[in-house]
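Notes follow the structure.
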Amino acid sequence: MDLSFQMIQYAFGGVSAVDYNNDDRMDLFFADALSSRLYRNEGEGDDEPVKFTDVTAEAGLEGINHANLGLFADFNNDGHKDIFIVRYLKPGQFFENDGDGTYTDRSAEMGLDFVAPAMSATLLDYDRDGFLDIYVGVYGNAFETIPQLFFFARNGDSNRLFHNEGGKGFTDVTEQSGTGDVGWTLAVAAGDYNNDGYTDLMNSNDFGRKNLYRNNQDGTFTDVAKEAGVLDLSGGMGVTFGDFNDDGLMDIYTSNINSNQRWFGENVTILQYLRNVIRTKWAWEDMTEYMAVYDLFGDDWVELAKMSGEGNSLFENNGDGTFTELKDSHTNRAGWGWSVAFFDMDNDADLDIYAANGWISQDPSSDL
């Protein structure tokens, strides 16, 4: 691939577990850059393991590529799970479930055939009208550019919030809702962190900060990440909500880069970096971003590079709109973090953590 930012070529793909045909068996959908596949769960026979059959063509889903996620949900409240396909720099796709094991492409009709370097998405009913809305996490265009500042990149494309118009289509309400962050977003999540009955949003940005959007209950959101204590500046890859300590409050777990190269953030290195920048045009072109960093972190900005390699972060909800990072929870050293999730592994009613991690290709010409 002829990419300005080589790492993105390894980021495609995801798996969704869903009962798409309402037979009480969980099926699998694999999002893929070349050929996404849907596998129907055939169940298990006597002394036989579970069997899956590739029904992609049969279901009318052949030819889905450049896909990062298949988001299954009943968007029109007819009892059948439809699919929204998150695609990178290709038109988004929406397939309506026909109720007979097949799907019909209604992407343009539903208003979801937008083109963006989209990476992820989450569901929420932000206005409580009974229909599921979609928030899409959008990265940068890796064919044309790279993250502008390695610790605070703000030159990505805007995230998107789509309002569900009664199951008949979607309207882009990003601008009026205030949710169009322009970091290099890799992951988004939805949860009611302040227990006001309205779902809030959070996004995790590669080469930058996190955003926590509080639902204002009027169709708008306010970014309160700084006040809540969850800016969590790093190479953010994933984010999830969950009540890990059973106190009735939604906590937050994020996945980030864990690196032994935090010496980059020592004062002498930062000062040398600034001296080099001042000699170039970038000192002026990036001034807005530098001022934004100072506005968020004040004099602590010199610590940012060291912070950005500390790994994953677990934030406990204090119940007053703020969070405390639990640095002694032994949850940060999960490797080079990618996706994360809360789940109950052993059915003891306590949430455990799954953290996907790993490195890429070991190719020194493109890996960071």
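As shown in the structure tokens, the chain order sets the letters A, B, ...; within each chain, residues go from 1, and ligands are also counted from 1 in the order they appear.
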
Please provide the set of residues having any atom within 8 Å of stretch 32-47 of chain A, restricted to only C-alpha atoms, with same-chain residues fewer than 4 positions apart removed, written as a VMD selection string.
chain A and resid 12 to 14 25 to 28 51 to 56 61 to 68

Keeping N, CA, C and O atoms, export the residues of the selection given above as an mmCIF file, in the first residue's frame.
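Final file, part.cif:
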data_model
loop_
_atom_site.group_PDB
_atom_site.id
_atom_site.type_symbol
_atom_site.label_atom_id
_atom_site.label_comp_id
_atom_site.auth_asym_id
_atom_site.auth_seq_id
_atom_site.Cartn_x
_atom_site.Cartn_y
_atom_site.Cartn_z
ATOM 1 N N PHE A 12 -7.125 -3.477 10.253
ATOM 2 C CA PHE A 12 -8.446 -3.909 9.819
ATOM 3 C C PHE A 12 -8.898 -5.164 10.551
ATOM 4 O O PHE A 12 -8.102 -5.998 10.950
ATOM 5 N N GLY A 13 -10.204 -5.311 10.678
ATOM 6 C CA GLY A 13 -10.788 -6.560 11.142
ATOM 7 C C GLY A 13 -11.347 -6.492 12.538
ATOM 8 O O GLY A 13 -10.885 -5.756 13.396
ATOM 9 N N GLY A 14 -12.380 -7.283 12.756
ATOM 10 C CA GLY A 14 -13.018 -7.407 14.058
ATOM 11 C C GLY A 14 -14.027 -8.535 13.986
ATOM 12 O O GLY A 14 -14.399 -8.982 12.897
ATOM 13 N N ARG A 25 -29.020 -19.384 18.745
ATOM 14 C CA ARG A 25 -27.620 -19.796 18.689
ATOM 15 C C ARG A 25 -26.784 -18.604 18.207
ATOM 16 O O ARG A 25 -27.166 -17.911 17.272
ATOM 17 N N MET A 26 -25.643 -18.402 18.850
ATOM 18 C CA MET A 26 -24.792 -17.273 18.511
ATOM 19 C C MET A 26 -23.980 -17.559 17.253
ATOM 20 O O MET A 26 -23.234 -18.539 17.173
ATOM 21 N N ASP A 27 -24.133 -16.687 16.279
ATOM 22 C CA ASP A 27 -23.412 -16.780 15.015
ATOM 23 C C ASP A 27 -22.205 -15.830 15.058
ATOM 24 O O ASP A 27 -22.049 -15.045 15.998
ATOM 25 N N LEU A 28 -21.358 -15.882 14.029
ATOM 26 C CA LEU A 28 -20.145 -15.073 14.003
ATOM 27 C C LEU A 28 -20.032 -14.299 12.695
ATOM 28 O O LEU A 28 -20.264 -14.855 11.612
ATOM 29 N N LYS A 51 -20.723 -26.670 15.091
ATOM 30 C CA LYS A 51 -20.348 -26.520 13.689
ATOM 31 C C LYS A 51 -20.864 -25.191 13.154
ATOM 32 O O LYS A 51 -21.981 -24.778 13.468
ATOM 33 N N PHE A 52 -20.045 -24.519 12.335
ATOM 34 C CA PHE A 52 -20.434 -23.259 11.704
ATOM 35 C C PHE A 52 -20.379 -23.409 10.189
ATOM 36 O O PHE A 52 -19.506 -24.087 9.643
ATOM 37 N N THR A 53 -21.311 -22.768 9.503
ATOM 38 C CA THR A 53 -21.365 -22.785 8.041
ATOM 39 C C THR A 53 -21.253 -21.363 7.507
ATOM 40 O O THR A 53 -21.931 -20.445 7.996
ATOM 41 N N ASP A 54 -20.396 -21.183 6.500
ATOM 42 C CA ASP A 54 -20.250 -19.880 5.864
ATOM 43 C C ASP A 54 -21.504 -19.607 5.020
ATOM 44 O O ASP A 54 -21.747 -20.262 4.014
ATOM 45 N N VAL A 55 -22.297 -18.629 5.463
ATOM 46 C CA VAL A 55 -23.548 -18.304 4.763
ATOM 47 C C VAL A 55 -23.503 -16.879 4.204
ATOM 48 O O VAL A 55 -24.538 -16.258 3.966
ATOM 49 N N THR A 56 -22.302 -16.362 3.968
ATOM 50 C CA THR A 56 -22.144 -14.981 3.512
ATOM 51 C C THR A 56 -22.930 -14.723 2.237
ATOM 52 O O THR A 56 -23.724 -13.764 2.154
ATOM 53 N N LEU A 61 -24.525 -11.014 1.714
ATOM 54 C CA LEU A 61 -23.492 -10.148 2.282
ATOM 55 C C LEU A 61 -22.137 -10.325 1.601
ATOM 56 O O LEU A 61 -21.120 -9.873 2.130
ATOM 57 N N GLU A 62 -22.105 -10.938 0.452
ATOM 58 C CA GLU A 62 -20.852 -11.117 -0.268
ATOM 59 C C GLU A 62 -20.329 -9.768 -0.757
ATOM 60 O O GLU A 62 -21.096 -8.882 -1.131
ATOM 61 N N GLY A 63 -18.997 -9.606 -0.735
ATOM 62 C CA GLY A 63 -18.373 -8.415 -1.309
ATOM 63 C C GLY A 63 -18.112 -7.286 -0.328
ATOM 64 O O GLY A 63 -17.699 -6.199 -0.738
ATOM 65 N N ILE A 64 -18.319 -7.521 0.974
ATOM 66 C CA ILE A 64 -18.051 -6.474 1.969
ATOM 67 C C ILE A 64 -16.551 -6.451 2.262
ATOM 68 O O ILE A 64 -16.001 -7.417 2.800
ATOM 69 N N ASN A 65 -15.884 -5.357 1.922
ATOM 70 C CA ASN A 65 -14.452 -5.221 2.174
ATOM 71 C C ASN A 65 -14.152 -3.900 2.866
ATOM 72 O O ASN A 65 -15.049 -3.132 3.180
ATOM 73 N N HIS A 66 -12.877 -3.666 3.127
ATOM 74 C CA HIS A 66 -12.430 -2.452 3.829
ATOM 75 C C HIS A 66 -13.205 -2.275 5.149
ATOM 76 O O HIS A 66 -13.460 -1.151 5.572
ATOM 77 N N ALA A 67 -13.564 -3.387 5.767
ATOM 78 C CA ALA A 67 -14.449 -3.340 6.938
ATOM 79 C C ALA A 67 -13.666 -3.475 8.238
ATOM 80 O O ALA A 67 -12.780 -4.322 8.366
ATOM 81 N N ASN A 68 -14.011 -2.636 9.198
ATOM 82 C CA ASN A 68 -13.441 -2.714 10.539
ATOM 83 C C ASN A 68 -14.404 -3.301 11.555
ATOM 84 O O ASN A 68 -13.985 -3.810 12.589
#

Looking only at the backbone, which of the residues in stretch 118-364 of chain A does DSSP tag as helix (DSSP H, G or I), as a compact mmCIF listing (two decimals) with all heavy atoms, in the first residue's frame?
# COMPACT_ATOMS: atom_id res chain seq x y z
N THR A 174 -23.76 15.47 14.15
CA THR A 174 -22.46 15.67 14.80
C THR A 174 -22.25 17.11 15.24
O THR A 174 -21.90 17.38 16.40
CB THR A 174 -21.33 15.26 13.85
OG1 THR A 174 -21.54 13.93 13.38
CG2 THR A 174 -19.99 15.35 14.54
N GLU A 175 -22.45 18.04 14.33
CA GLU A 175 -22.15 19.45 14.63
C GLU A 175 -23.02 19.97 15.76
O GLU A 175 -22.52 20.58 16.73
CB GLU A 175 -22.32 20.30 13.38
CG GLU A 175 -21.92 21.76 13.59
CD GLU A 175 -21.96 22.56 12.32
OE1 GLU A 175 -22.19 21.97 11.23
OE2 GLU A 175 -21.75 23.81 12.39
N GLN A 176 -24.33 19.78 15.66
CA GLN A 176 -25.21 20.34 16.69
C GLN A 176 -25.10 19.62 18.03
O GLN A 176 -25.40 20.20 19.08
CB GLN A 176 -26.67 20.34 16.22
CG GLN A 176 -27.24 19.01 15.77
CD GLN A 176 -27.17 18.83 14.28
OE1 GLN A 176 -26.14 19.06 13.67
NE2 GLN A 176 -28.29 18.44 13.69
N SER A 177 -24.63 18.37 18.01
CA SER A 177 -24.50 17.63 19.26
C SER A 177 -23.19 17.90 19.98
O SER A 177 -23.05 17.63 21.17
CB SER A 177 -24.63 16.13 19.00
OG SER A 177 -23.53 15.65 18.24
N ALA A 225 -13.87 15.49 30.03
CA ALA A 225 -12.77 14.59 30.34
C ALA A 225 -11.78 15.21 31.33
O ALA A 225 -11.30 14.52 32.24
CB ALA A 225 -12.05 14.19 29.06
N LYS A 226 -11.47 16.49 31.16
CA LYS A 226 -10.52 17.14 32.06
C LYS A 226 -11.08 17.20 33.48
O LYS A 226 -10.40 16.81 34.44
CB LYS A 226 -10.19 18.55 31.57
CG LYS A 226 -9.24 19.30 32.47
CD LYS A 226 -8.94 20.70 31.94
CE LYS A 226 -8.00 21.45 32.88
NZ LYS A 226 -7.69 22.82 32.36
N GLU A 227 -12.33 17.68 33.62
CA GLU A 227 -12.93 17.80 34.94
C GLU A 227 -13.12 16.43 35.60
O GLU A 227 -13.01 16.29 36.82
CB GLU A 227 -14.29 18.50 34.84
CG GLU A 227 -14.23 19.93 34.33
CD GLU A 227 -14.22 20.04 32.83
OE1 GLU A 227 -13.94 19.03 32.15
OE2 GLU A 227 -14.47 21.15 32.31
N ALA A 228 -13.40 15.42 34.79
CA ALA A 228 -13.63 14.08 35.32
C ALA A 228 -12.34 13.34 35.64
O ALA A 228 -12.37 12.31 36.32
CB ALA A 228 -14.46 13.27 34.33
N ARG A 262 9.92 5.59 27.62
CA ARG A 262 9.41 6.83 28.22
C ARG A 262 10.53 7.81 28.55
O ARG A 262 10.25 8.95 28.94
CB ARG A 262 8.58 6.50 29.47
CG ARG A 262 7.28 5.77 29.14
CD ARG A 262 6.29 5.85 30.29
NE ARG A 262 6.78 5.25 31.52
CZ ARG A 262 6.74 3.94 31.78
NH1 ARG A 262 6.26 3.10 30.88
NH2 ARG A 262 7.17 3.47 32.92
N TRP A 263 11.79 7.37 28.40
CA TRP A 263 12.89 8.32 28.55
C TRP A 263 12.76 9.46 27.56
O TRP A 263 13.31 10.54 27.77
CB TRP A 263 14.24 7.62 28.36
CG TRP A 263 14.39 6.95 27.03
CD1 TRP A 263 14.09 5.66 26.72
CD2 TRP A 263 14.86 7.54 25.82
NE1 TRP A 263 14.33 5.40 25.40
CE2 TRP A 263 14.81 6.53 24.81
CE3 TRP A 263 15.31 8.82 25.47
CZ2 TRP A 263 15.19 6.77 23.50
CZ3 TRP A 263 15.68 9.05 24.16
CH2 TRP A 263 15.63 8.05 23.20
N PHE A 264 11.98 9.21 26.47
CA PHE A 264 11.71 10.28 25.51
C PHE A 264 11.09 11.49 26.19
O PHE A 264 11.18 12.61 25.70
CB PHE A 264 10.73 9.75 24.46
CG PHE A 264 11.34 9.65 23.09
CD1 PHE A 264 10.67 8.97 22.09
CD2 PHE A 264 12.56 10.21 22.79
CE1 PHE A 264 11.21 8.86 20.82
CE2 PHE A 264 13.11 10.12 21.54
CZ PHE A 264 12.44 9.43 20.54
N GLY A 265 10.42 11.25 27.31
CA GLY A 265 9.70 12.32 27.98
C GLY A 265 10.48 13.03 29.06
O GLY A 265 9.94 13.89 29.76
N ASN A 267 12.95 15.72 30.76
CA ASN A 267 13.05 17.15 30.48
C ASN A 267 14.08 17.49 29.40
O ASN A 267 13.83 18.31 28.52
CB ASN A 267 13.38 17.92 31.75
CG ASN A 267 12.20 17.99 32.70
OD1 ASN A 267 11.08 17.67 32.32
ND2 ASN A 267 12.45 18.42 33.92
N VAL A 268 15.24 16.85 29.46
CA VAL A 268 16.28 17.18 28.49
C VAL A 268 15.84 16.83 27.07
O VAL A 268 16.14 17.56 26.11
CB VAL A 268 17.59 16.44 28.86
CG1 VAL A 268 17.41 14.92 28.81
CG2 VAL A 268 18.72 16.88 27.93
N THR A 269 15.09 15.74 26.92
CA THR A 269 14.62 15.34 25.59
C THR A 269 13.54 16.29 25.09
O THR A 269 13.52 16.67 23.92
CB THR A 269 14.06 13.90 25.63
OG1 THR A 269 14.99 13.08 26.32
CG2 THR A 269 13.85 13.38 24.23
N ILE A 270 12.63 16.66 25.99
CA ILE A 270 11.55 17.58 25.62
C ILE A 270 12.13 18.93 25.20
O ILE A 270 11.71 19.52 24.19
CB ILE A 270 10.58 17.78 26.79
CG1 ILE A 270 9.79 16.48 27.03
CG2 ILE A 270 9.64 18.93 26.53
CD1 ILE A 270 8.82 16.15 25.93
N LEU A 271 13.09 19.44 25.94
CA LEU A 271 13.69 20.73 25.61
C LEU A 271 14.41 20.68 24.26
O LEU A 271 14.33 21.61 23.46
CB LEU A 271 14.65 21.16 26.71
CG LEU A 271 13.99 21.53 28.05
CD1 LEU A 271 15.04 21.81 29.09
CD2 LEU A 271 13.06 22.73 27.88
N GLN A 272 15.09 19.58 23.98
CA GLN A 272 15.76 19.43 22.69
C GLN A 272 14.73 19.37 21.57
O GLN A 272 14.92 19.95 20.49
CB GLN A 272 16.61 18.16 22.68
CG GLN A 272 17.39 17.96 21.38
CD GLN A 272 18.36 19.11 21.11
OE1 GLN A 272 19.13 19.50 21.98
NE2 GLN A 272 18.32 19.65 19.90
N TYR A 273 13.62 18.67 21.83
CA TYR A 273 12.54 18.60 20.84
C TYR A 273 12.00 19.99 20.53
O TYR A 273 11.82 20.35 19.36
CB TYR A 273 11.42 17.70 21.39
CG TYR A 273 10.11 17.82 20.65
CD1 TYR A 273 9.93 17.19 19.42
CD2 TYR A 273 9.05 18.54 21.19
CE1 TYR A 273 8.72 17.30 18.74
CE2 TYR A 273 7.84 18.65 20.51
CZ TYR A 273 7.69 18.03 19.30
OH TYR A 273 6.49 18.14 18.64
N LEU A 274 11.78 20.80 21.56
CA LEU A 274 11.25 22.15 21.36
C LEU A 274 12.24 23.02 20.59
O LEU A 274 11.85 23.80 19.71
CB LEU A 274 10.91 22.78 22.70
CG LEU A 274 9.69 22.21 23.42
CD1 LEU A 274 9.51 22.88 24.77
CD2 LEU A 274 8.43 22.41 22.57
N ARG A 275 13.52 22.89 20.91
CA ARG A 275 14.52 23.68 20.18
C ARG A 275 14.52 23.32 18.70
O ARG A 275 14.63 24.19 17.83
CB ARG A 275 15.91 23.45 20.80
CG ARG A 275 16.15 24.20 22.09
CD ARG A 275 17.63 24.21 22.46
NE ARG A 275 18.07 22.88 22.86
CZ ARG A 275 18.09 22.44 24.11
NH1 ARG A 275 17.69 23.24 25.09
NH2 ARG A 275 18.52 21.23 24.40
N ASN A 276 14.36 22.04 18.41
CA ASN A 276 14.33 21.61 17.00
C ASN A 276 13.08 22.12 16.30
O ASN A 276 13.14 22.54 15.13
CB ASN A 276 14.38 20.09 16.93
CG ASN A 276 15.73 19.54 17.35
OD1 ASN A 276 16.74 20.25 17.33
ND2 ASN A 276 15.76 18.27 17.75
N VAL A 277 11.94 22.08 16.99
CA VAL A 277 10.69 22.52 16.40
C VAL A 277 10.72 24.00 16.08
O VAL A 277 10.26 24.44 15.02
CB VAL A 277 9.49 22.19 17.32
CG1 VAL A 277 8.23 22.90 16.85
CG2 VAL A 277 9.25 20.70 17.37
N ILE A 278 11.27 24.79 17.00
CA ILE A 278 11.31 26.25 16.82
C ILE A 278 12.07 26.63 15.55
O ILE A 278 11.79 27.65 14.93
CB ILE A 278 11.93 26.91 18.06
CG1 ILE A 278 10.94 26.79 19.24
CG2 ILE A 278 12.27 28.37 17.80
CD1 ILE A 278 11.51 27.25 20.57
N TRP A 282 6.92 24.28 11.67
CA TRP A 282 5.89 23.60 12.45
C TRP A 282 5.61 24.30 13.77
O TRP A 282 4.54 24.13 14.35
CB TRP A 282 6.30 22.15 12.70
CG TRP A 282 6.52 21.39 11.44
CD1 TRP A 282 7.70 20.90 10.96
CD2 TRP A 282 5.54 21.07 10.45
NE1 TRP A 282 7.53 20.29 9.74
CE2 TRP A 282 6.19 20.37 9.41
CE3 TRP A 282 4.17 21.30 10.34
CZ2 TRP A 282 5.53 19.92 8.29
CZ3 TRP A 282 3.51 20.83 9.21
CH2 TRP A 282 4.18 20.15 8.21
N ALA A 283 6.55 25.08 14.26
CA ALA A 283 6.31 25.80 15.52
C ALA A 283 5.09 26.71 15.40
O ALA A 283 4.31 26.85 16.33
CB ALA A 283 7.55 26.62 15.89
N TRP A 284 4.93 27.32 14.22
CA TRP A 284 3.79 28.22 14.01
C TRP A 284 2.56 27.46 13.55
O TRP A 284 1.45 27.74 13.97
CB TRP A 284 4.18 29.29 12.99
CG TRP A 284 5.37 30.08 13.45
CD1 TRP A 284 6.63 30.05 12.93
CD2 TRP A 284 5.40 30.99 14.55
NE1 TRP A 284 7.47 30.88 13.64
CE2 TRP A 284 6.74 31.48 14.64
CE3 TRP A 284 4.47 31.45 15.47
CZ2 TRP A 284 7.14 32.39 15.60
CZ3 TRP A 284 4.87 32.37 16.43
CH2 TRP A 284 6.18 32.83 16.49
N GLU A 285 2.76 26.48 12.66
CA GLU A 285 1.61 25.74 12.14
C GLU A 285 0.92 24.91 13.22
O GLU A 285 -0.29 24.68 13.16
CB GLU A 285 2.05 24.85 10.98
CG GLU A 285 2.50 25.65 9.76
CD GLU A 285 2.56 24.80 8.51
OE1 GLU A 285 2.09 23.65 8.55
OE2 GLU A 285 3.10 25.30 7.50
N MET A 287 0.95 25.74 16.49
CA MET A 287 0.80 26.54 17.70
C MET A 287 -0.55 26.34 18.38
O MET A 287 -0.64 26.30 19.62
CB MET A 287 1.00 28.02 17.37
CG MET A 287 0.98 28.94 18.60
SD MET A 287 2.23 28.49 19.85
CE MET A 287 3.74 28.81 18.94
N THR A 288 -1.61 26.18 17.60
CA THR A 288 -2.94 25.97 18.18
C THR A 288 -2.96 24.72 19.05
O THR A 288 -3.53 24.72 20.15
CB THR A 288 -4.01 25.85 17.08
OG1 THR A 288 -4.00 27.04 16.29
CG2 THR A 288 -5.39 25.66 17.69
N GLU A 289 -2.33 23.64 18.56
CA GLU A 289 -2.29 22.40 19.32
C GLU A 289 -1.45 22.57 20.59
O GLU A 289 -1.81 22.07 21.66
CB GLU A 289 -1.72 21.27 18.46
CG GLU A 289 -2.73 20.69 17.48
CD GLU A 289 -2.95 21.58 16.27
OE1 GLU A 289 -2.17 22.54 16.09
OE2 GLU A 289 -3.91 21.33 15.52
N TYR A 290 -0.32 23.26 20.49
CA TYR A 290 0.52 23.47 21.67
C TYR A 290 -0.23 24.27 22.74
O TYR A 290 -0.13 23.98 23.93
CB TYR A 290 1.82 24.20 21.29
CG TYR A 290 2.82 23.34 20.56
CD1 TYR A 290 3.22 23.63 19.27
CD2 TYR A 290 3.35 22.21 21.18
CE1 TYR A 290 4.14 22.83 18.60
CE2 TYR A 290 4.27 21.40 20.53
CZ TYR A 290 4.66 21.72 19.23
OH TYR A 290 5.56 20.93 18.57
N MET A 291 -0.99 25.26 22.31
CA MET A 291 -1.77 26.06 23.26
C MET A 291 -2.87 25.20 23.90
O MET A 291 -3.18 25.36 25.08
CB MET A 291 -2.38 27.27 22.55
CG MET A 291 -1.35 28.27 22.05
SD MET A 291 -0.28 28.90 23.38
CE MET A 291 -1.48 29.78 24.38
N ALA A 292 -3.47 24.32 23.11
CA ALA A 292 -4.50 23.43 23.65
C ALA A 292 -3.91 22.50 24.70
O ALA A 292 -4.55 22.21 25.73
CB ALA A 292 -5.15 22.63 22.53
N VAL A 293 -2.71 22.00 24.45
CA VAL A 293 -2.03 21.13 25.42
C VAL A 293 -1.81 21.89 26.73
O VAL A 293 -2.07 21.37 27.82
CB VAL A 293 -0.69 20.63 24.86
CG1 VAL A 293 0.13 19.95 25.95
CG2 VAL A 293 -0.93 19.66 23.72
N TYR A 294 -1.32 23.12 26.62
CA TYR A 294 -1.05 23.90 27.83
C TYR A 294 -2.36 24.22 28.57
O TYR A 294 -2.41 24.21 29.81
CB TYR A 294 -0.32 25.20 27.49
CG TYR A 294 0.19 25.91 28.72
CD1 TYR A 294 1.38 25.52 29.31
CD2 TYR A 294 -0.53 26.96 29.31
CE1 TYR A 294 1.85 26.14 30.46
CE2 TYR A 294 -0.08 27.59 30.45
CZ TYR A 294 1.11 27.18 31.03
OH TYR A 294 1.56 27.79 32.16
N ASP A 295 -3.42 24.48 27.83
CA ASP A 295 -4.70 24.77 28.46
C ASP A 295 -5.22 23.57 29.26
O ASP A 295 -5.82 23.74 30.32
CB ASP A 295 -5.73 25.15 27.39
CG ASP A 295 -7.09 25.49 27.97
OD1 ASP A 295 -7.16 26.42 28.79
OD2 ASP A 295 -8.07 24.81 27.63
N LEU A 296 -4.95 22.38 28.76
CA LEU A 296 -5.43 21.17 29.44
C LEU A 296 -4.54 20.76 30.61
O LEU A 296 -5.04 20.31 31.64
CB LEU A 296 -5.52 20.01 28.44
CG LEU A 296 -6.67 20.05 27.44
CD1 LEU A 296 -6.50 18.93 26.41
CD2 LEU A 296 -8.01 19.90 28.15
N PHE A 297 -3.22 20.90 30.45
CA PHE A 297 -2.29 20.32 31.42
C PHE A 297 -1.46 21.34 32.18
O PHE A 297 -0.80 20.98 33.16
CB PHE A 297 -1.36 19.33 30.71
CG PHE A 297 -2.07 18.17 30.11
CD1 PHE A 297 -2.42 18.16 28.77
CD2 PHE A 297 -2.41 17.07 30.88
CE1 PHE A 297 -3.07 17.08 28.20
CE2 PHE A 297 -3.06 15.98 30.33
CZ PHE A 297 -3.40 15.99 28.98
N GLY A 298 -1.47 22.61 31.75
CA GLY A 298 -0.68 23.62 32.44
C GLY A 298 0.80 23.27 32.44
O GLY A 298 1.33 22.72 31.47
N ASP A 299 1.48 23.54 33.55
CA ASP A 299 2.91 23.30 33.64
C ASP A 299 3.27 21.82 33.64
O ASP A 299 4.44 21.45 33.48
CB ASP A 299 3.48 23.95 34.90
CG ASP A 299 3.42 25.47 34.84
OD1 ASP A 299 3.37 26.01 33.70
OD2 ASP A 299 3.41 26.12 35.90
N ASP A 300 2.27 20.96 33.81
CA ASP A 300 2.53 19.51 33.81
C ASP A 300 2.72 18.95 32.41
O ASP A 300 2.96 17.75 32.25
CB ASP A 300 1.37 18.76 34.49
CG ASP A 300 1.32 19.01 35.98
OD1 ASP A 300 2.36 19.36 36.56
OD2 ASP A 300 0.23 18.87 36.56
N TRP A 301 2.64 19.81 31.38
CA TRP A 301 2.74 19.31 30.01
C TRP A 301 4.07 18.61 29.76
O TRP A 301 4.14 17.71 28.91
CB TRP A 301 2.56 20.45 29.02
CG TRP A 301 3.69 21.45 28.99
CD1 TRP A 301 3.80 22.58 29.72
CD2 TRP A 301 4.88 21.37 28.19
NE1 TRP A 301 4.97 23.23 29.43
CE2 TRP A 301 5.66 22.50 28.49
CE3 TRP A 301 5.36 20.46 27.26
CZ2 TRP A 301 6.89 22.73 27.91
CZ3 TRP A 301 6.59 20.70 26.66
CH2 TRP A 301 7.34 21.83 26.98
N VAL A 302 5.13 18.99 30.49
CA VAL A 302 6.43 18.36 30.27
C VAL A 302 6.43 16.89 30.69
O VAL A 302 7.35 16.15 30.35
CB VAL A 302 7.54 19.12 31.01
CG1 VAL A 302 7.72 20.51 30.44
CG2 VAL A 302 7.24 19.19 32.50
N GLU A 303 5.42 16.46 31.45
CA GLU A 303 5.34 15.07 31.89
C GLU A 303 4.57 14.20 30.90
O GLU A 303 4.46 12.98 31.10
CB GLU A 303 4.65 14.99 33.26
CG GLU A 303 5.34 15.80 34.35
CD GLU A 303 6.71 15.24 34.68
OE1 GLU A 303 6.84 14.00 34.71
OE2 GLU A 303 7.65 16.02 34.90
N LEU A 304 4.02 14.80 29.85
CA LEU A 304 3.10 14.07 28.99
C LEU A 304 3.73 12.88 28.28
O LEU A 304 3.10 11.82 28.16
CB LEU A 304 2.48 15.02 27.96
CG LEU A 304 1.63 16.15 28.54
CD1 LEU A 304 0.99 16.95 27.42
CD2 LEU A 304 0.58 15.61 29.48
N ALA A 305 4.93 13.04 27.78
CA ALA A 305 5.56 11.95 27.05
C ALA A 305 5.79 10.74 27.95
O ALA A 305 5.67 9.59 27.51
CB ALA A 305 6.86 12.41 26.42
N LYS A 306 6.13 11.00 29.24
CA LYS A 306 6.30 9.88 30.16
C LYS A 306 4.95 9.23 30.46
O LYS A 306 4.85 8.00 30.55
CB LYS A 306 6.96 10.39 31.46
CG LYS A 306 8.43 10.69 31.31
CD LYS A 306 9.08 11.04 32.62
CE LYS A 306 8.75 12.45 33.05
NZ LYS A 306 9.52 12.87 34.24
N MET A 307 3.91 10.04 30.60
CA MET A 307 2.57 9.50 30.85
C MET A 307 2.09 8.65 29.70
O MET A 307 1.41 7.64 29.90
CB MET A 307 1.58 10.65 31.07
CG MET A 307 1.80 11.45 32.34
SD MET A 307 0.88 13.02 32.32
CE MET A 307 -0.75 12.48 31.82

Between A:Thr324, A:Asn318, A:Asn205, A:Asn357, single out the one closest to A:Asn258, counting only C-alpha atoms.
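Comparing A:Thr324, A:Asn318, A:Asn205, A:Asn357 against A:Asn258, the winner is A:Asn357.
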
Env of stretch 157-161 of chain A: 9 Å cut, atoms = only C-alpha atoms, seq-sep filter 4 positions within chain, self excluded. Answer as a PyMOL selection string.
chain A and resi 116-118+133-141+171-175+177+179-185

DSSP strand (DSSP E) residues within stretch 52-130 of chain A, listed as a PyMOL selection string:
chain A and resi 52-54+67-73+82-91+93-97+103-105+115-124

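For the choices A:Asn76, A:Ser204, A:Gln217, A:Asn195, the atom-to-atom distance to A:Tyr253 is smallest for A:Ser204 when using only C-alpha atoms.
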